[in-house]
Number of protein chains: 2
Amino acid sequence: MEWNGKNKVLIVGLGLIGGSYARALKRLGYTVTALSRRQETIDYALREGIIDAGSAAVDEKLVGEADTVVFALYPGVFKDWVRAHQSLLKPGAMLTDVTGVKSCIVYDIQEMLRPDVEFIAAHPMAGREVYGVENSDERIFREANFIVTPTARNTPEAVEWCKSLGRLLGFRKVSVLSPEEHDEMISFVSQLTHCIAVALMTCSDNRHLADYTGDSFRDLTRIARINDAMWSELFLLNREPLLRQMDLFLREFSELRGLLAAEDAEGLRGKMRLSTERRANFDK
Amino acid sequence: MEWNGKNKVLIVGLGLIGGSYARALKRLGYTVTALSRRQETIDYALREGIIDAGSAAVDEKLVGEADTVVFALYPGVFKDWVRAHQSLLKPGAMLTDVTGVKSCIVYDIQEMLRPDVEFIAAHPMAGREVYGVENSDERIFREANFIVTPTARNTPEAVEWCKSLGRLLGFRKVSVLSPEEHDEMISFVSQLTHCIAVALMTCSDNRHLADYTGDSFRDLTRIARINDAMWSELFLLNREPLLRQMDLFLREFSELRGLLAAEDAEGLRGKMRLSTERRANFDK
């Protein structure tokens with residue numbers, strides 16, 4: 001269970017993240033194969049040299065030869081795939097994923113999985129506002145975090161193996177969290193912020209103001225361009241933690257509104273000072 | 001009333017924006033002087049060659065010689081200054097400002113002003129998260145908008161003069177809006193976004209999550225570092241439009257929360273699609 005040049009890596013789902021994994025691992029000398037629904041995706045990846053082989057069908061040989069399988073699928077599709085095709089996996093294969101929510105996935109997959117393969121979950125916290133293998137780019141990992149989320153079923157070796165993968169891919173920081181800690185964290189740093197950006201964009205018809213916006217506004221709303229199929233699924237799968245964060249934010253924003261309505265300058269300044277102090281912790 | 005090398009420009013209030021005006025105008029060959037409360041500010045600006053002369057007191061000669069006076073003061077202080085010292089102004093002088101709110105300032109200043117000088121208001125929509133003349137930098141104007149906000153009292157010549165100033169300073173775009181249109185616009189594109197960033201930072205103690213944040217989160221909260229004295233004043237002076245925007249946002253965010261609570265995937269996707277579509281209008 002070590003990363004060396006003889007590993008064959010199969011990527012299942014060759015989109016932005018799957019494609020970026022493929023590029024990085026291929027450059028490092030691994031044999032990289034892929035399964036993806038659309039034949040054009042496979043053709044493109046072969047033509048560009050992103051993968052060594054691939055198929056739009058579930059190819060028994062490609063699955064059976066893989067030492068490592070990276071699932072870069074939507075959460076629901078991921079479970080279905082494992083249920084339907086795990087019999088094809090090579091004994092001893094290491095499985096990992098890139099899913100943005102964890103508790104609702106990891107236990108179910110581990111529960112249903114053959115005992116002779118191991119699934120160690122991870123979340124590469126990288127992304128762009130564009131999709132597909134055509135936009136894949138391993139540079140998106142450079143400033144990003146890689147979170148490994150083991151459970152009690154995982155071996156220490158698998159955790160180390162997965163941390164090595166994060167480092168191989170070039171992530172800035174590799175951490176370990178429980179699935180629950182991960183989901184709580186992601187509900188705040190990613191999902192709540194996406195909700196805010198969406199609500200800011202949809203709360204009024206603001207198109208005529210585009211000419212007057214500065215970089216702050218554009219920064220704040222960049223993530224308002226959102227893949228609705230993927231993000232609605234991620235929100236719903238992490239519903240409880242996200243609702244808690246949304247409620248905390250709603251209460252705080254309403255309190256700020258109350259201070260303004262009451263013309264409470266000192267109260268407003270107190271919030272701003274706390275905000276400034278807290279934000280300083282988030283500087284790189 | 002034209003910009004030529006003989007103009008003497010006095011900057012009142014030599015902070016980040018006043019200092020950046022001074023640098024730009026000095027580079028263009030104008031004689032630039034300044035008044036600022038702290039002697040160290042004046043000393044620094046003289047030493048760095050940002051101004052030709054300056055004083056920490058209201059110097060009669062500097063005020064009396066200026067063809068143009070740029071007020072880069074907090075709103076309240078600005079009115080006080082004009083009330084106290086306008087008798088020193090040169091007949092025919094052109095006055096402008098950099099204040100971030102307009103209706104509550106422009107009419108009052110024009111009302112109290114001597115008839116032989118003209119005040120044409122403007123808002124250079126540029127800024128940084130740092131303050132003071134030491135951080136002034138005319139490059140902050142390059143990607144920014146310059147808004148001229150005339151009233152019925154202003155001459156067309158003054159409006160043109162002020163637009164020329166925006167272009168001289170190197171702003172990307174120069175526009176004209178009424179004070180009321182400006183305040184409505186700024187309540188959405190700037191003040192609401194600052195409220196959101198502050199509430200996101202203060203809604204829970206999130207310091208332990210700093211390690212896991214990516215660029216999206218940092219972009220969204222960059223403006224949560226906020227000058228509490230200046231922004232609380234700006235919020236209170238633009239209270240009505242800002243409360244309207246905050247209520248629109250609150251209603252929308254609550255609706256999004258309701259869709260998630262009700263597990264309404266199609267409703268969530270609808271909001272995300274609208275958001276994505278609207279945000280496309282804001283790309284540069």
# chains A, B, ... in the order shown; residues from 1 in each chain; ligands from 1
$ residues_around --residues "Gly54 of chain A" --least-positions-apart "6" --cutoff "9 Å" --atoms "only C-alpha atoms" --output "PDB file with N, CA, C and O atoms, in the first residue's frame"
ATOM      1  N   LEU A  10      -7.334   4.015 -11.464  1.00  0.00           N
ATOM      2  CA  LEU A  10      -8.538   4.195 -12.272  1.00  0.00           C
ATOM      3  C   LEU A  10      -9.352   5.356 -11.696  1.00  0.00           C
ATOM      4  O   LEU A  10      -9.646   5.377 -10.499  1.00  0.00           O
ATOM      5  N   VAL A  32      -2.660   5.791 -15.670  1.00  0.00           N
ATOM      6  CA  VAL A  32      -3.965   6.330 -15.280  1.00  0.00           C
ATOM      7  C   VAL A  32      -5.006   5.931 -16.311  1.00  0.00           C
ATOM      8  O   VAL A  32      -4.837   6.163 -17.514  1.00  0.00           O
ATOM      9  N   THR A  33      -6.068   5.289 -15.840  1.00  0.00           N
ATOM     10  CA  THR A  33      -7.184   4.934 -16.724  1.00  0.00           C
ATOM     11  C   THR A  33      -8.444   5.623 -16.189  1.00  0.00           C
ATOM     12  O   THR A  33      -8.435   6.172 -15.088  1.00  0.00           O
ATOM     13  N   ALA A  34      -9.496   5.615 -17.001  1.00  0.00           N
ATOM     14  CA  ALA A  34     -10.705   6.320 -16.565  1.00  0.00           C
ATOM     15  C   ALA A  34     -11.956   5.684 -17.130  1.00  0.00           C
ATOM     16  O   ALA A  34     -11.965   5.149 -18.240  1.00  0.00           O
ATOM     17  N   LEU A  35     -13.017   5.778 -16.335  1.00  0.00           N
ATOM     18  CA  LEU A  35     -14.362   5.483 -16.822  1.00  0.00           C
ATOM     19  C   LEU A  35     -15.148   6.778 -16.746  1.00  0.00           C
ATOM     20  O   LEU A  35     -15.056   7.501 -15.756  1.00  0.00           O
ATOM     21  N   SER A  36     -15.880   7.083 -17.809  1.00  0.00           N
ATOM     22  CA  SER A  36     -16.714   8.275 -17.746  1.00  0.00           C
ATOM     23  C   SER A  36     -17.907   8.042 -18.650  1.00  0.00           C
ATOM     24  O   SER A  36     -17.824   7.291 -19.620  1.00  0.00           O
ATOM     25  N   ILE A  42     -13.874  10.628 -22.799  1.00  0.00           N
ATOM     26  CA  ILE A  42     -12.771   9.668 -22.907  1.00  0.00           C
ATOM     27  C   ILE A  42     -11.896  10.002 -24.116  1.00  0.00           C
ATOM     28  O   ILE A  42     -10.660  10.056 -24.010  1.00  0.00           O
ATOM     29  N   ASP A  43     -12.526  10.297 -25.241  1.00  0.00           N
ATOM     30  CA  ASP A  43     -11.773  10.622 -26.453  1.00  0.00           C
ATOM     31  C   ASP A  43     -10.887  11.846 -26.226  1.00  0.00           C
ATOM     32  O   ASP A  43      -9.717  11.873 -26.605  1.00  0.00           O
ATOM     33  N   ALA A  45      -9.755  13.023 -23.358  1.00  0.00           N
ATOM     34  CA  ALA A  45      -8.690  12.748 -22.388  1.00  0.00           C
ATOM     35  C   ALA A  45      -7.572  11.910 -23.015  1.00  0.00           C
ATOM     36  O   ALA A  45      -6.391  12.113 -22.713  1.00  0.00           O
ATOM     37  N   LEU A  46      -7.938  10.991 -23.886  1.00  0.00           N
ATOM     38  CA  LEU A  46      -6.918  10.195 -24.568  1.00  0.00           C
ATOM     39  C   LEU A  46      -6.105  11.066 -25.517  1.00  0.00           C
ATOM     40  O   LEU A  46      -4.873  11.007 -25.560  1.00  0.00           O
ATOM     41  N   LEU A  62     -10.422  -2.784 -17.120  1.00  0.00           N
ATOM     42  CA  LEU A  62      -9.914  -1.555 -16.498  1.00  0.00           C
ATOM     43  C   LEU A  62     -10.163  -1.564 -14.989  1.00  0.00           C
ATOM     44  O   LEU A  62      -9.292  -1.175 -14.206  1.00  0.00           O
TER      45      LEU A  62
END
$ interface_residues --of "chain B" --to "chain A" --cutoff "6 Å" --atoms "only C-alpha atoms" --output "PyMOL selection string"
chain B and resi 189+198-199+201-203+210+213+219-220+224-226+228+248-249+252-253+269+272+275-276+282
$ select_by_dssp --residues "segment 81-175 of chain A" --states "strand (DSSP E)" --output "list of chain:residue names"
A:Met94, A:Leu95, A:Thr96, A:Asp97, A:Glu118, A:Phe119, A:Ala122, A:His123, A:Pro124, A:Met125, A:Asn145, A:Phe146, A:Ile147, A:Val148, A:Lys173, A:Val174, A:Ser175
$ write_last_selection --atoms "all heavy atoms" --output "compact mmCIF listing (two decimals), in the first residue's frame"
# COMPACT_ATOMS: atom_id res chain seq x y z
N MET A 94 -7.26 -0.23 -3.28
CA MET A 94 -7.53 0.91 -2.40
C MET A 94 -8.50 1.83 -3.13
O MET A 94 -8.24 2.24 -4.26
CB MET A 94 -6.24 1.68 -2.14
CG MET A 94 -5.26 0.93 -1.25
SD MET A 94 -5.93 0.64 0.41
CE MET A 94 -6.08 2.34 0.98
N LEU A 95 -9.56 2.18 -2.44
CA LEU A 95 -10.56 3.09 -3.03
C LEU A 95 -10.55 4.41 -2.27
O LEU A 95 -10.43 4.43 -1.04
CB LEU A 95 -11.96 2.49 -2.94
CG LEU A 95 -12.15 1.01 -3.25
CD1 LEU A 95 -13.64 0.67 -3.20
CD2 LEU A 95 -11.58 0.65 -4.61
N THR A 96 -10.72 5.49 -3.00
CA THR A 96 -10.89 6.78 -2.34
C THR A 96 -11.88 7.59 -3.18
O THR A 96 -12.34 7.14 -4.22
CB THR A 96 -9.54 7.51 -2.12
OG1 THR A 96 -9.77 8.69 -1.33
CG2 THR A 96 -8.89 7.91 -3.45
N ASP A 97 -12.23 8.78 -2.70
CA ASP A 97 -13.23 9.58 -3.42
C ASP A 97 -12.90 11.05 -3.31
O ASP A 97 -11.86 11.41 -2.73
CB ASP A 97 -14.64 9.30 -2.88
CG ASP A 97 -14.87 9.93 -1.51
OD1 ASP A 97 -13.87 10.16 -0.80
OD2 ASP A 97 -16.03 10.20 -1.17
N GLU A 118 -10.36 -1.70 0.54
CA GLU A 118 -10.56 -0.68 1.59
C GLU A 118 -10.93 0.66 0.97
O GLU A 118 -10.31 1.09 0.00
CB GLU A 118 -9.31 -0.53 2.47
CG GLU A 118 -9.52 0.49 3.59
CD GLU A 118 -8.47 0.42 4.71
OE1 GLU A 118 -7.59 -0.48 4.67
OE2 GLU A 118 -8.54 1.26 5.62
N PHE A 119 -11.92 1.30 1.55
CA PHE A 119 -12.31 2.63 1.10
C PHE A 119 -11.91 3.66 2.15
O PHE A 119 -12.39 3.63 3.28
CB PHE A 119 -13.82 2.71 0.87
CG PHE A 119 -14.32 4.11 0.60
CD1 PHE A 119 -13.78 4.87 -0.45
CD2 PHE A 119 -15.32 4.67 1.39
CE1 PHE A 119 -14.23 6.17 -0.68
CE2 PHE A 119 -15.77 5.96 1.15
CZ PHE A 119 -15.23 6.70 0.11
N ALA A 122 -11.83 10.99 1.16
CA ALA A 122 -11.08 12.24 1.19
C ALA A 122 -11.88 13.32 0.47
O ALA A 122 -12.72 13.03 -0.38
CB ALA A 122 -9.73 12.06 0.51
N HIS A 123 -11.63 14.55 0.84
CA HIS A 123 -12.24 15.68 0.15
C HIS A 123 -11.16 16.67 -0.26
O HIS A 123 -10.61 17.38 0.56
CB HIS A 123 -13.26 16.38 1.08
CG HIS A 123 -13.94 17.54 0.44
ND1 HIS A 123 -14.67 18.47 1.15
CD2 HIS A 123 -14.01 17.94 -0.86
CE1 HIS A 123 -15.15 19.38 0.32
NE2 HIS A 123 -14.75 19.09 -0.89
N PRO A 124 -10.86 16.68 -1.57
CA PRO A 124 -9.93 17.70 -2.07
C PRO A 124 -10.71 19.00 -2.20
O PRO A 124 -11.59 19.12 -3.05
CB PRO A 124 -9.53 17.15 -3.45
CG PRO A 124 -10.70 16.30 -3.87
CD PRO A 124 -11.38 15.80 -2.63
N MET A 125 -10.42 20.00 -1.33
CA MET A 125 -11.23 21.22 -1.31
C MET A 125 -10.77 22.20 -2.39
O MET A 125 -10.36 23.32 -2.11
CB MET A 125 -11.17 21.88 0.06
CG MET A 125 -11.89 21.07 1.14
SD MET A 125 -11.75 21.85 2.76
CE MET A 125 -12.64 23.39 2.49
N ASN A 145 -6.78 22.75 0.31
CA ASN A 145 -6.68 21.79 1.41
C ASN A 145 -7.19 20.41 0.98
O ASN A 145 -8.17 20.31 0.24
CB ASN A 145 -7.55 22.24 2.58
CG ASN A 145 -6.96 23.44 3.29
OD1 ASN A 145 -5.86 23.37 3.81
ND2 ASN A 145 -7.69 24.54 3.29
N PHE A 146 -6.55 19.39 1.51
CA PHE A 146 -6.95 18.00 1.24
C PHE A 146 -7.29 17.38 2.58
O PHE A 146 -6.46 17.32 3.48
CB PHE A 146 -5.77 17.27 0.58
CG PHE A 146 -6.07 15.87 0.11
CD1 PHE A 146 -6.62 15.67 -1.15
CD2 PHE A 146 -5.79 14.76 0.91
CE1 PHE A 146 -6.88 14.37 -1.62
CE2 PHE A 146 -6.05 13.47 0.45
CZ PHE A 146 -6.60 13.28 -0.81
N ILE A 147 -8.56 16.96 2.73
CA ILE A 147 -9.01 16.43 4.02
C ILE A 147 -9.27 14.94 3.90
O ILE A 147 -10.10 14.52 3.09
CB ILE A 147 -10.31 17.11 4.50
CG1 ILE A 147 -10.33 18.60 4.17
CG2 ILE A 147 -10.56 16.83 5.97
CD1 ILE A 147 -9.59 19.48 5.11
N VAL A 148 -8.59 14.16 4.72
CA VAL A 148 -8.83 12.72 4.79
C VAL A 148 -9.82 12.49 5.93
O VAL A 148 -9.66 13.06 7.01
CB VAL A 148 -7.51 11.96 5.05
CG1 VAL A 148 -7.76 10.45 5.09
CG2 VAL A 148 -6.47 12.31 3.99
N LYS A 173 -2.04 21.76 1.96
CA LYS A 173 -2.17 21.26 3.34
C LYS A 173 -2.99 19.99 3.33
O LYS A 173 -4.00 19.90 2.63
CB LYS A 173 -2.86 22.33 4.19
CG LYS A 173 -2.86 22.05 5.67
CD LYS A 173 -3.20 23.31 6.45
CE LYS A 173 -3.04 23.10 7.94
NZ LYS A 173 -3.99 22.14 8.49
N VAL A 174 -2.55 19.01 4.08
CA VAL A 174 -3.27 17.73 4.17
C VAL A 174 -3.67 17.55 5.63
O VAL A 174 -2.82 17.65 6.52
CB VAL A 174 -2.36 16.56 3.71
CG1 VAL A 174 -3.05 15.23 3.93
CG2 VAL A 174 -1.98 16.74 2.23
N SER A 175 -4.96 17.35 5.90
CA SER A 175 -5.45 17.20 7.28
C SER A 175 -6.30 15.95 7.41
O SER A 175 -6.76 15.39 6.42
CB SER A 175 -6.34 18.39 7.68
OG SER A 175 -5.81 19.60 7.25
$ select_by_dssp --residues "segment 55-212 of chain B" --states "alpha helix (DSSP H)" --output "NGL selection string"
:B and (60-65 or 75-85 or 103-112 or 156-168 or 179-186 or 193-202)
